[in-house]
$ cat upload_37.cif   # mmCIF, C-alpha atoms
data_my_file
loop_
_atom_site.label_atom_id
_atom_site.label_comp_id
_atom_site.auth_asym_id
_atom_site.auth_seq_id
_atom_site.Cartn_x
_atom_site.Cartn_y
_atom_site.Cartn_z
CA MET A 1 302.73 120.26 118.01
CA SER A 2 303.40 123.60 116.33
CA ILE A 3 300.91 125.38 114.11
CA SER A 4 301.16 124.83 110.37
CA ILE A 5 299.12 126.09 107.43
CA ILE A 6 299.00 124.42 104.02
CA PRO A 7 297.27 125.89 100.96
CA ILE A 8 293.99 124.38 99.77
CA GLY A 9 291.78 125.33 96.88
CA ARG A 10 292.90 126.52 93.49
CA CYS A 11 293.97 130.05 94.34
CA PHE A 12 293.74 130.76 98.08
CA ALA A 13 292.59 129.45 101.49
CA GLY A 14 294.70 127.50 103.96
CA GLU A 15 294.10 124.51 106.25
CA VAL A 16 295.44 124.89 109.79
CA SER A 17 296.81 122.09 111.96
CA GLY A 18 298.48 122.04 115.35
CA VAL A 19 295.77 124.12 117.10
CA ASP A 20 293.21 122.97 119.67
CA LEU A 21 290.60 125.73 119.93
CA ARG A 22 289.32 124.30 123.22
CA ARG A 23 292.50 125.56 124.90
CA PRO A 24 293.84 129.08 125.46
CA LEU A 25 296.12 130.23 122.67
CA SER A 26 299.59 131.59 123.17
CA PRO A 27 300.44 135.04 121.76
CA GLU A 28 302.70 133.28 119.25
CA THR A 29 299.82 131.11 118.00
CA VAL A 30 297.52 134.12 117.68
CA ALA A 31 300.22 135.95 115.72
CA ALA A 32 300.64 132.93 113.42
CA ILE A 33 296.89 132.79 112.78
CA ASP A 34 296.81 136.51 112.01
CA SER A 35 299.75 136.08 109.64
CA GLY A 36 297.95 133.20 107.95
CA MET A 37 294.86 135.34 107.51
CA HIS A 38 296.91 138.08 105.88
CA GLU A 39 298.25 135.55 103.38
CA TYR A 40 295.27 133.28 102.70
CA ALA A 41 292.20 135.33 103.80
CA VAL A 42 290.35 132.03 104.51
CA LEU A 43 291.56 129.50 107.11
CA VAL A 44 290.03 126.09 107.79
CA PHE A 45 290.34 124.42 111.21
CA ARG A 46 289.18 120.79 111.07
CA GLY A 47 287.88 118.68 113.96
CA GLN A 48 287.20 121.52 116.39
CA ASP A 49 284.45 120.15 118.67
CA ILE A 50 283.99 123.40 120.61
CA ASN A 51 281.18 125.02 122.56
CA ASP A 52 280.02 128.63 122.50
CA GLU A 53 282.32 129.77 125.31
CA GLU A 54 285.35 128.21 123.64
CA GLN A 55 284.46 129.85 120.34
CA LEU A 56 284.06 133.20 122.09
CA ALA A 57 287.39 132.82 123.88
CA PHE A 58 289.18 132.08 120.61
CA SER A 59 287.46 135.02 118.94
CA ARG A 60 288.35 137.45 121.74
CA ALA A 61 292.01 136.50 121.34
CA LEU A 62 291.79 137.93 117.82
CA GLY A 63 290.00 141.21 118.60
CA PRO A 64 286.78 142.82 119.83
CA ILE A 65 283.63 140.85 119.13
CA GLU A 66 280.87 142.55 117.18
CA SER A 67 277.36 142.24 118.65
CA SER A 68 274.92 140.39 116.43
CA ILE A 69 272.18 142.89 117.34
CA GLY A 70 271.36 145.04 114.34
CA GLY A 71 272.30 142.40 111.79
CA ASN A 72 268.99 140.55 111.55
CA ILE A 73 265.27 140.82 112.26
CA THR A 74 265.17 138.31 115.14
CA ARG A 75 263.74 139.89 118.30
CA LEU A 76 265.57 139.47 121.60
CA ASP A 77 262.80 137.21 122.92
CA GLN A 78 263.22 134.97 119.85
CA ARG A 79 266.96 134.46 120.25
CA ARG A 80 268.43 130.97 120.65
CA LEU A 81 271.98 132.19 121.39
CA GLY A 82 273.66 135.07 123.16
CA THR A 83 274.09 138.40 121.45
CA ASP A 84 277.85 137.88 120.87
CA ILE A 85 277.09 134.97 118.53
CA ALA A 86 275.26 135.32 115.21
CA ASP A 87 272.85 132.43 114.80
CA VAL A 88 272.94 131.54 111.11
CA SER A 89 271.21 128.21 111.58
CA ASN A 90 267.71 127.30 110.44
CA LEU A 91 266.47 126.74 114.00
CA ASP A 92 264.15 128.86 116.14
CA GLN A 93 264.43 129.49 119.88
CA ASN A 94 262.70 126.16 120.58
CA GLN A 95 265.22 124.19 118.45
CA ASN A 96 262.61 123.65 115.75
CA ILE A 97 263.33 124.10 112.04
CA TYR A 98 261.85 127.33 110.70
CA ALA A 99 258.57 127.00 108.87
CA ARG A 100 258.86 127.75 105.17
CA ASP A 101 257.02 131.06 105.49
CA ASP A 102 258.74 132.17 108.73
CA ARG A 103 259.78 135.79 108.32
CA ARG A 104 263.21 135.08 109.83
CA ARG A 105 263.85 132.28 107.34
CA LEU A 106 262.89 134.48 104.40
CA PHE A 107 265.20 137.24 105.61
CA ASN A 108 268.07 134.78 106.05
CA LEU A 109 267.76 133.62 102.44
CA GLY A 110 269.87 136.71 101.72
CA ASN A 111 272.87 134.69 102.91
CA ARG A 112 272.76 132.92 99.54
CA LEU A 113 273.74 136.20 97.88
CA TRP A 114 277.41 137.15 97.62
CA HIS A 115 278.24 139.43 100.52
CA SER A 116 280.81 140.64 103.02
CA ASP A 117 279.69 140.38 106.64
CA SER A 118 278.56 143.63 108.24
CA SER A 119 279.41 145.88 105.31
CA PHE A 120 276.03 147.38 106.20
CA ARG A 121 277.49 148.66 109.49
CA ALA A 122 279.40 151.92 109.88
CA ILE A 123 282.32 149.83 111.15
CA PRO A 124 282.31 146.69 109.00
CA ALA A 125 283.56 143.28 110.05
CA LYS A 126 287.19 142.19 110.08
CA TYR A 127 287.15 138.41 110.66
CA SER A 128 284.22 136.00 110.76
CA LEU A 129 284.49 132.59 112.46
CA LEU A 130 281.84 129.99 111.62
CA SER A 131 281.58 126.79 113.67
CA ALA A 132 279.68 123.77 112.33
CA ARG A 133 277.83 122.13 115.23
CA SER A 134 275.38 120.11 113.12
CA ILE A 135 275.31 119.94 109.33
CA PRO A 136 273.31 118.04 106.70
CA VAL A 137 275.02 115.04 105.14
CA ASN A 138 275.07 116.61 101.69
CA GLY A 139 276.05 120.19 102.42
CA PRO A 140 275.45 122.99 101.79
CA ASN A 141 278.82 124.25 100.64
CA THR A 142 280.03 127.79 101.30
CA GLU A 143 281.83 129.66 98.53
CA TYR A 144 284.50 132.31 99.11
CA ALA A 145 285.72 134.79 96.50
CA ASP A 146 289.20 136.33 96.69
CA MET A 147 288.64 140.04 96.18
CA ARG A 148 292.39 140.72 96.09
CA ALA A 149 292.90 138.49 93.09
CA ALA A 150 289.80 139.95 91.45
CA TYR A 151 291.16 143.47 91.86
CA ASP A 152 294.60 142.47 90.58
CA ALA A 153 293.06 141.03 87.42
CA LEU A 154 291.09 144.19 86.54
CA ASP A 155 292.35 146.08 83.53
CA ASP A 156 293.92 149.46 84.19
CA LYS A 157 290.91 151.37 82.89
CA ILE A 158 288.52 149.74 85.36
CA LYS A 159 291.03 150.09 88.19
CA ALA A 160 291.14 153.82 87.53
CA GLU A 161 287.32 153.98 87.41
CA VAL A 162 286.71 152.19 90.72
CA GLU A 163 289.41 154.05 92.65
CA GLY A 164 287.85 156.56 95.04
CA LEU A 165 284.25 155.43 94.50
CA ILE A 166 281.96 155.34 97.55
CA CYS A 167 279.04 152.91 97.83
CA GLU A 168 276.07 152.83 100.17
CA HIS A 169 275.40 149.49 101.86
CA SER A 170 272.24 148.33 103.60
CA LEU A 171 270.43 145.10 104.43
CA THR A 172 267.37 146.61 102.77
CA TYR A 173 269.26 146.57 99.44
CA SER A 174 270.30 142.93 99.64
CA ARG A 175 266.93 141.68 100.89
CA GLY A 176 265.15 143.84 98.35
CA GLN A 177 266.81 141.80 95.61
CA LEU A 178 264.81 138.82 96.91
CA GLY A 179 261.56 140.76 97.10
CA PHE A 180 261.77 140.96 100.90
CA THR A 181 260.58 144.48 101.71
CA ASP A 182 258.52 143.75 104.82
CA PHE A 183 260.48 145.94 107.23
CA THR A 184 259.08 147.64 110.31
CA GLU A 185 259.82 151.32 110.86
CA GLU A 186 262.34 150.38 113.56
CA GLU A 187 264.10 147.95 111.20
CA GLN A 188 264.25 150.57 108.48
CA GLN A 189 266.02 152.90 110.90
CA THR A 190 268.39 150.14 112.05
CA PHE A 191 269.26 149.25 108.46
CA ALA A 192 269.80 152.81 107.27
CA PRO A 193 272.49 152.89 104.53
CA VAL A 194 276.14 153.45 105.42
CA ARG A 195 278.98 154.48 103.14
CA GLN A 196 281.96 152.29 102.29
CA VAL A 197 284.82 152.63 99.83
CA LEU A 198 284.73 150.36 96.79
CA VAL A 199 288.48 149.72 96.88
CA ARG A 200 290.17 148.80 100.17
CA THR A 201 293.84 148.57 101.03
CA HIS A 202 294.87 145.95 103.57
CA PRO A 203 296.60 147.68 106.50
CA VAL A 204 299.37 145.04 106.77
CA THR A 205 300.00 143.65 103.28
CA MET A 206 298.96 146.87 101.50
CA ARG A 207 297.22 144.77 98.84
CA LYS A 208 294.15 146.34 97.29
CA SER A 209 290.85 144.52 97.01
CA LEU A 210 287.32 145.19 95.83
CA PHE A 211 284.89 145.79 98.69
CA LEU A 212 281.73 144.39 97.16
CA ALA A 213 278.55 142.88 98.62
CA SER A 214 274.92 142.37 97.74
CA HIS A 215 274.34 144.98 100.46
CA ALA A 216 275.83 147.65 98.16
CA GLY A 217 272.92 149.36 96.41
CA THR A 218 274.23 152.70 95.21
CA ILE A 219 277.38 154.54 94.22
CA VAL A 220 277.52 158.08 95.52
CA GLY A 221 277.08 160.56 92.67
CA TRP A 222 275.91 157.96 90.15
CA PRO A 223 272.37 157.41 88.81
CA MET A 224 270.81 154.47 90.64
CA ALA A 225 270.32 152.22 87.61
CA GLU A 226 273.87 152.77 86.36
CA ALA A 227 275.33 152.11 89.81
CA ARG A 228 273.42 148.88 90.32
CA ILE A 229 274.28 147.38 86.94
CA PHE A 230 277.94 148.35 87.40
CA LEU A 231 278.04 146.71 90.85
CA ARG A 232 276.31 143.62 89.48
CA ASP A 233 278.86 143.39 86.69
CA LEU A 234 281.71 143.68 89.20
CA ILE A 235 280.24 140.94 91.41
CA GLU A 236 279.79 138.62 88.42
CA TYR A 237 283.38 139.29 87.40
CA ALA A 238 284.82 138.84 90.91
CA THR A 239 283.06 135.50 91.51
CA GLN A 240 284.35 133.66 88.46
CA PRO A 241 285.65 130.15 89.28
CA GLN A 242 289.30 131.18 89.16
CA PHE A 243 288.70 133.50 92.14
CA VAL A 244 286.57 131.11 94.24
CA TYR A 245 287.30 128.54 96.95
CA VAL A 246 284.43 126.11 97.67
CA HIS A 247 284.34 124.79 101.22
CA HIS A 248 282.76 121.35 101.68
CA TRP A 249 281.73 121.31 105.33
CA ARG A 250 282.50 118.54 107.78
CA LEU A 251 281.09 118.31 111.29
CA HIS A 252 283.13 120.45 113.73
CA ASP A 253 284.85 122.49 111.04
CA LEU A 254 285.59 126.06 111.99
CA VAL A 255 286.18 128.34 109.02
CA MET A 256 287.57 131.82 109.48
CA TRP A 257 287.68 134.48 106.80
CA ASP A 258 288.73 138.09 106.34
CA ASN A 259 285.77 140.20 105.22
CA ARG A 260 288.14 142.94 104.09
CA GLN A 261 289.52 140.65 101.40
CA THR A 262 286.72 138.22 100.52
CA MET A 263 283.06 137.77 99.72
CA HIS A 264 281.11 134.61 100.46
CA ARG A 265 277.75 132.92 100.09
CA VAL A 266 276.09 129.72 101.30
CA ARG A 267 274.49 127.44 98.75
CA ARG A 268 270.97 126.05 98.75
CA PHE A 269 269.93 123.02 100.83
CA ASN A 270 266.69 121.46 102.05
CA GLU A 271 266.40 123.81 105.00
CA THR A 272 262.79 123.01 105.81
CA GLU A 273 263.79 119.39 106.61
CA ASP A 274 267.54 119.24 107.35
CA ILE A 275 269.11 120.85 110.44
CA ARG A 276 272.09 123.15 109.86
CA ASP A 277 273.36 124.51 113.17
CA VAL A 278 276.25 126.86 112.44
CA ARG A 279 277.29 129.70 114.75
CA ARG A 280 279.30 132.77 113.81
CA THR A 281 281.40 135.11 115.87
CA THR A 282 282.55 138.30 114.20
CA ILE A 283 285.58 140.47 114.89
CA SER A 284 285.15 144.22 114.36
CA SER A 285 287.48 146.28 112.20
CA ASP A 286 289.35 149.24 113.65
CA GLY A 287 287.04 151.87 112.13
CA PRO A 288 284.89 152.90 109.17
CA THR A 289 286.27 152.69 105.66
CA THR A 290 285.24 156.26 105.02
CA ALA A 291 283.44 159.08 106.81
CA GLN A 292 279.76 158.29 107.13
CA ALA A 293 277.14 160.41 105.45
CA THR A 294 274.89 162.57 107.57
CA ASN A 295 271.33 162.28 106.31
#
$ encode --input "upload_37.cif" --output "structure tokens"
Amino acid sequence: MSISIIPIGRCFAGEVSGVDLRRPLSPETVAAIDSGMHEYAVLVFRGQDINDEEQLAFSRALGPIESSIGGNITRLDQRRLGTDIADVSNLDQNQNIYARDDRRRLFNLGNRLWHSDSSFRAIPAKYSLLSARSIPVNGPNTEYADMRAAYDALDDKIKAEVEGLICEHSLTYSRGQLGFTDFTEEEQQTFAPVRQVLVRTHPVTMRKSLFLASHAGTIVGWPMAEARIFLRDLIEYATQPQFVYVHHWRLHDLVMWDNRQTMHRVRRFNETEDIRDVRRTTISSDGPTTAQATN
């Protein structure tokens, strides 16, 4: 059976068939998946009952895997999974649901904010691949915003204003919005701000998109208050329903998205009672979006 991709959602995202992610992929299949990502930016693979090694093998076929170290506050001795997989579940290393006041749970609540994975790293993420191993019956959904369409719909005045702007991204900014400021000195150093362009150009399609995230806390050269309200306005604009695909998870879904062209967020669920075991592998981009600042 050959690979096929059909559009889903009101404005973007595609559902893939003809691929078994438990098996090695041919170069032609990898090229077709890449091509689909360029077009849709979000791809949905249904019924993929895979394990960690199979997910890693699929991910490596698409590019270098980003280490999950440096993207959370979980210590190495608290990890449930290997460092090549980001554990975005609500389970601790003993397979127990996090207590309501667990510091790791409170930090992870930031995933409910609109964001682009690893924009807080000097080299941000390219693709993210999220595998649903166990999910609650009633969700939660994940929402994806098409930042290409959002950029295209900007009026010319705003397009001219955002062109060339540089933002600083950090996990301390996004978690600070939730009142989470309990960072150790080591964490503060790990989460030091990095600089990213506000407008990105896709290297293949040459389409422009807004590179927004809750991690973006400043605009270089702007007063802090003005920068933050401008970024908030842009995020509100870019996440209007006409730009958003809502994914309703099924067991063994694997959803893959392009962080260069989308933002996403998970919605609320009863995470102190219901198990949500989802595991993410992340593909690194080729390099930084702009030269990093030297503090």
$ closest_residue --input "upload_37.cif" --among "A:Asp233, A:Glu168, A:Asp182, A:Asp146" --to "Val220 of chain A" --atoms "all atoms listed in the file"
A:Glu168
$ residues_near_point --input "upload_37.cif" --point "(292.2, 123.7, 98.9)" --cutoff "12 Å" --atoms "all atoms listed in the file" --output "PDB file with C-alpha atoms, in the frame of the given file"
ATOM      1  CA  ILE A   5     299.120 126.090 107.430  1.00  0.00           C
ATOM      2  CA  ILE A   6     299.000 124.420 104.020  1.00  0.00           C
ATOM      3  CA  PRO A   7     297.270 125.890 100.960  1.00  0.00           C
ATOM      4  CA  ILE A   8     293.990 124.380  99.770  1.00  0.00           C
ATOM      5  CA  GLY A   9     291.780 125.330  96.880  1.00  0.00           C
ATOM      6  CA  ARG A  10     292.900 126.520  93.490  1.00  0.00           C
ATOM      7  CA  CYS A  11     293.970 130.050  94.340  1.00  0.00           C
ATOM      8  CA  PHE A  12     293.740 130.760  98.080  1.00  0.00           C
ATOM      9  CA  ALA A  13     292.590 129.450 101.490  1.00  0.00           C
ATOM     10  CA  GLY A  14     294.700 127.500 103.960  1.00  0.00           C
ATOM     11  CA  GLU A  15     294.100 124.510 106.250  1.00  0.00           C
ATOM     12  CA  VAL A  16     295.440 124.890 109.790  1.00  0.00           C
ATOM     13  CA  TYR A  40     295.270 133.280 102.700  1.00  0.00           C
ATOM     14  CA  VAL A  42     290.350 132.030 104.510  1.00  0.00           C
ATOM     15  CA  LEU A  43     291.560 129.500 107.110  1.00  0.00           C
ATOM     16  CA  VAL A  44     290.030 126.090 107.790  1.00  0.00           C
ATOM     17  CA  GLU A 143     281.830 129.660  98.530  1.00  0.00           C
ATOM     18  CA  TYR A 144     284.500 132.310  99.110  1.00  0.00           C
ATOM     19  CA  VAL A 244     286.570 131.110  94.240  1.00  0.00           C
ATOM     20  CA  TYR A 245     287.300 128.540  96.950  1.00  0.00           C
ATOM     21  CA  VAL A 246     284.430 126.110  97.670  1.00  0.00           C
ATOM     22  CA  HIS A 247     284.340 124.790 101.220  1.00  0.00           C
ATOM     23  CA  HIS A 248     282.760 121.350 101.680  1.00  0.00           C
TER      24      HIS A 248
END
$ closest_residue --input "upload_37.cif" --among "A:Arg265, A:Arg75, A:Arg232, A:Lys157" --to "Gly110 of chain A" --atoms "only C-alpha atoms"
A:Arg265
$ closest_residue --input "upload_37.cif" --among "A:Phe45, A:Phe269, A:Trp249, A:Tyr151" --to "Phe211 of chain A" --atoms "only C-alpha atoms"
A:Tyr151
$ residues_around --input "upload_37.cif" --residues "Leu91 of chain A" --least-positions-apart "6" --cutoff "9 Å" --atoms "all atoms listed in the file" --output "list in words"
Arg80, Ile97, Tyr98, Ile275, Arg276 and Asp277 of chain A
$ residues_near_point --input "upload_37.cif" --point "(279.6, 142.4, 90.3)" --cutoff "12 Å" --atoms "all atoms listed in the file" --output "ChimeraX atom specification"
/A:113-115,145,147,150-151,198,210-217,227-240,263
$ write_last_selection --input "upload_37.cif" --atoms "C-alpha atoms" --output "compact mmCIF listing (two decimals), in the frame of the given file"
# COMPACT_ATOMS: atom_id res chain seq x y z
CA LEU A 113 273.74 136.20 97.88
CA TRP A 114 277.41 137.15 97.62
CA HIS A 115 278.24 139.43 100.52
CA ALA A 145 285.72 134.79 96.50
CA MET A 147 288.64 140.04 96.18
CA ALA A 150 289.80 139.95 91.45
CA TYR A 151 291.16 143.47 91.86
CA LEU A 198 284.73 150.36 96.79
CA LEU A 210 287.32 145.19 95.83
CA PHE A 211 284.89 145.79 98.69
CA LEU A 212 281.73 144.39 97.16
CA ALA A 213 278.55 142.88 98.62
CA SER A 214 274.92 142.37 97.74
CA HIS A 215 274.34 144.98 100.46
CA ALA A 216 275.83 147.65 98.16
CA GLY A 217 272.92 149.36 96.41
CA ALA A 227 275.33 152.11 89.81
CA ARG A 228 273.42 148.88 90.32
CA ILE A 229 274.28 147.38 86.94
CA PHE A 230 277.94 148.35 87.40
CA LEU A 231 278.04 146.71 90.85
CA ARG A 232 276.31 143.62 89.48
CA ASP A 233 278.86 143.39 86.69
CA LEU A 234 281.71 143.68 89.20
CA ILE A 235 280.24 140.94 91.41
CA GLU A 236 279.79 138.62 88.42
CA TYR A 237 283.38 139.29 87.40
CA ALA A 238 284.82 138.84 90.91
CA THR A 239 283.06 135.50 91.51
CA GLN A 240 284.35 133.66 88.46
CA MET A 263 283.06 137.77 99.72
$ residues_around --input "upload_37.cif" --residues "Phe180 of chain A" --least-positions-apart "2" --cutoff "12 Å" --atoms "all atoms listed in the file" --output "PyMOL selection string"
chain A and resi 73+101+103-110+171-178+182-184
$ decode --input "upload_37.cif" --residues "segment 222-254 of chain A" --atoms "N, CA and C atoms" --output "PDB file, in the first residue's frame"
ATOM      1  N   TRP A 222      12.729  47.083  22.424  1.00  0.00           N
ATOM      2  CA  TRP A 222      11.415  47.608  22.815  1.00  0.00           C
ATOM      3  C   TRP A 222      11.309  47.659  24.346  1.00  0.00           C
ATOM      4  N   PRO A 223      10.530  48.608  24.885  1.00  0.00           N
ATOM      5  CA  PRO A 223      10.214  48.559  26.315  1.00  0.00           C
ATOM      6  C   PRO A 223       9.477  47.264  26.637  1.00  0.00           C
ATOM      7  N   MET A 224       9.742  46.697  27.797  1.00  0.00           N
ATOM      8  CA  MET A 224       9.191  45.394  28.167  1.00  0.00           C
ATOM      9  C   MET A 224       7.673  45.355  28.068  1.00  0.00           C
ATOM     10  N   ALA A 225       6.993  46.329  28.651  1.00  0.00           N
ATOM     11  CA  ALA A 225       5.530  46.304  28.671  1.00  0.00           C
ATOM     12  C   ALA A 225       4.959  46.363  27.262  1.00  0.00           C
ATOM     13  N   GLU A 226       5.540  47.208  26.411  1.00  0.00           N
ATOM     14  CA  GLU A 226       5.060  47.321  25.040  1.00  0.00           C
ATOM     15  C   GLU A 226       5.286  46.023  24.266  1.00  0.00           C
ATOM     16  N   ALA A 227       6.442  45.405  24.474  1.00  0.00           N
ATOM     17  CA  ALA A 227       6.744  44.154  23.783  1.00  0.00           C
ATOM     18  C   ALA A 227       5.765  43.060  24.192  1.00  0.00           C
ATOM     19  N   ARG A 228       5.502  42.940  25.464  1.00  0.00           N
ATOM     20  CA  ARG A 228       4.656  41.842  25.934  1.00  0.00           C
ATOM     21  C   ARG A 228       3.206  41.994  25.482  1.00  0.00           C
ATOM     22  N   ILE A 229       2.690  43.222  25.475  1.00  0.00           N
ATOM     23  CA  ILE A 229       1.311  43.382  25.030  1.00  0.00           C
ATOM     24  C   ILE A 229       1.220  43.182  23.520  1.00  0.00           C
ATOM     25  N   PHE A 230       2.252  43.579  22.786  1.00  0.00           N
ATOM     26  CA  PHE A 230       2.256  43.365  21.335  1.00  0.00           C
ATOM     27  C   PHE A 230       2.303  41.872  21.020  1.00  0.00           C
ATOM     28  N   LEU A 231       3.152  41.119  21.721  1.00  0.00           N
ATOM     29  CA  LEU A 231       3.231  39.675  21.510  1.00  0.00           C
ATOM     30  C   LEU A 231       1.936  38.983  21.913  1.00  0.00           C
ATOM     31  N   ARG A 232       1.319  39.454  22.983  1.00  0.00           N
ATOM     32  CA  ARG A 232       0.035  38.871  23.391  1.00  0.00           C
ATOM     33  C   ARG A 232      -1.027  39.124  22.330  1.00  0.00           C
ATOM     34  N   ASP A 233      -1.045  40.338  21.789  1.00  0.00           N
ATOM     35  CA  ASP A 233      -2.010  40.647  20.731  1.00  0.00           C
ATOM     36  C   ASP A 233      -1.795  39.749  19.514  1.00  0.00           C
ATOM     37  N   LEU A 234      -0.530  39.532  19.146  1.00  0.00           N
ATOM     38  CA  LEU A 234      -0.235  38.687  17.991  1.00  0.00           C
ATOM     39  C   LEU A 234      -0.682  37.244  18.227  1.00  0.00           C
ATOM     40  N   ILE A 235      -0.450  36.728  19.442  1.00  0.00           N
ATOM     41  CA  ILE A 235      -0.861  35.357  19.745  1.00  0.00           C
ATOM     42  C   ILE A 235      -2.379  35.239  19.716  1.00  0.00           C
ATOM     43  N   GLU A 236      -3.087  36.218  20.267  1.00  0.00           N
ATOM     44  CA  GLU A 236      -4.549  36.185  20.221  1.00  0.00           C
ATOM     45  C   GLU A 236      -5.042  36.203  18.777  1.00  0.00           C
ATOM     46  N   TYR A 237      -4.406  37.022  17.960  1.00  0.00           N
ATOM     47  CA  TYR A 237      -4.783  37.110  16.549  1.00  0.00           C
ATOM     48  C   TYR A 237      -4.512  35.788  15.819  1.00  0.00           C
ATOM     49  N   ALA A 238      -3.330  35.211  16.059  1.00  0.00           N
ATOM     50  CA  ALA A 238      -2.890  34.028  15.309  1.00  0.00           C
ATOM     51  C   ALA A 238      -3.602  32.749  15.733  1.00  0.00           C
ATOM     52  N   THR A 239      -4.341  32.772  16.825  1.00  0.00           N
ATOM     53  CA  THR A 239      -5.013  31.570  17.319  1.00  0.00           C
ATOM     54  C   THR A 239      -6.527  31.682  17.208  1.00  0.00           C
ATOM     55  N   GLN A 240      -6.992  32.549  16.314  1.00  0.00           N
ATOM     56  CA  GLN A 240      -8.420  32.603  16.021  1.00  0.00           C
ATOM     57  C   GLN A 240      -8.859  31.290  15.371  1.00  0.00           C
ATOM     58  N   PRO A 241     -10.141  30.935  15.505  1.00  0.00           N
ATOM     59  CA  PRO A 241     -10.603  29.623  15.015  1.00  0.00           C
ATOM     60  C   PRO A 241     -10.260  29.326  13.555  1.00  0.00           C
ATOM     61  N   GLN A 242     -10.238  30.350  12.710  1.00  0.00           N
ATOM     62  CA  GLN A 242      -9.972  30.082  11.295  1.00  0.00           C
ATOM     63  C   GLN A 242      -8.549  29.609  11.041  1.00  0.00           C
ATOM     64  N   PHE A 243      -7.657  29.770  12.022  1.00  0.00           N
ATOM     65  CA  PHE A 243      -6.266  29.348  11.870  1.00  0.00           C
ATOM     66  C   PHE A 243      -5.958  28.054  12.620  1.00  0.00           C
ATOM     67  N   VAL A 244      -6.953  27.454  13.288  1.00  0.00           N
ATOM     68  CA  VAL A 244      -6.691  26.383  14.261  1.00  0.00           C
ATOM     69  C   VAL A 244      -7.273  25.045  13.819  1.00  0.00           C
ATOM     70  N   TYR A 245      -6.464  23.990  13.961  1.00  0.00           N
ATOM     71  CA  TYR A 245      -6.914  22.608  13.833  1.00  0.00           C
ATOM     72  C   TYR A 245      -6.956  22.000  15.228  1.00  0.00           C
ATOM     73  N   VAL A 246      -8.077  21.380  15.592  1.00  0.00           N
ATOM     74  CA  VAL A 246      -8.238  20.731  16.894  1.00  0.00           C
ATOM     75  C   VAL A 246      -8.120  19.220  16.697  1.00  0.00           C
ATOM     76  N   HIS A 247      -7.122  18.630  17.358  1.00  0.00           N
ATOM     77  CA  HIS A 247      -6.950  17.182  17.240  1.00  0.00           C
ATOM     78  C   HIS A 247      -7.613  16.478  18.410  1.00  0.00           C
ATOM     79  N   HIS A 248      -8.552  15.577  18.080  1.00  0.00           N
ATOM     80  CA  HIS A 248      -9.242  14.751  19.074  1.00  0.00           C
ATOM     81  C   HIS A 248      -8.511  13.411  19.120  1.00  0.00           C
ATOM     82  N   TRP A 249      -7.793  13.168  20.196  1.00  0.00           N
ATOM     83  CA  TRP A 249      -6.893  12.026  20.272  1.00  0.00           C
ATOM     84  C   TRP A 249      -7.634  10.700  20.350  1.00  0.00           C
ATOM     85  N   ARG A 250      -7.056   9.717  19.658  1.00  0.00           N
ATOM     86  CA  ARG A 250      -7.435   8.313  19.807  1.00  0.00           C
ATOM     87  C   ARG A 250      -6.195   7.548  20.281  1.00  0.00           C
ATOM     88  N   LEU A 251      -6.426   6.441  20.956  1.00  0.00           N
ATOM     89  CA  LEU A 251      -5.316   5.606  21.391  1.00  0.00           C
ATOM     90  C   LEU A 251      -4.462   5.210  20.187  1.00  0.00           C
ATOM     91  N   HIS A 252      -3.148   5.315  20.336  1.00  0.00           N
ATOM     92  CA  HIS A 252      -2.150   4.958  19.328  1.00  0.00           C
ATOM     93  C   HIS A 252      -2.077   5.933  18.151  1.00  0.00           C
ATOM     94  N   ASP A 253      -2.662   7.111  18.310  1.00  0.00           N
ATOM     95  CA  ASP A 253      -2.377   8.178  17.344  1.00  0.00           C
ATOM     96  C   ASP A 253      -0.923   8.592  17.486  1.00  0.00           C
ATOM     97  N   LEU A 254      -0.310   8.942  16.381  1.00  0.00           N
ATOM     98  CA  LEU A 254       0.946   9.687  16.403  1.00  0.00           C
ATOM     99  C   LEU A 254       0.714  10.943  15.579  1.00  0.00           C
TER     100      LEU A 254
END
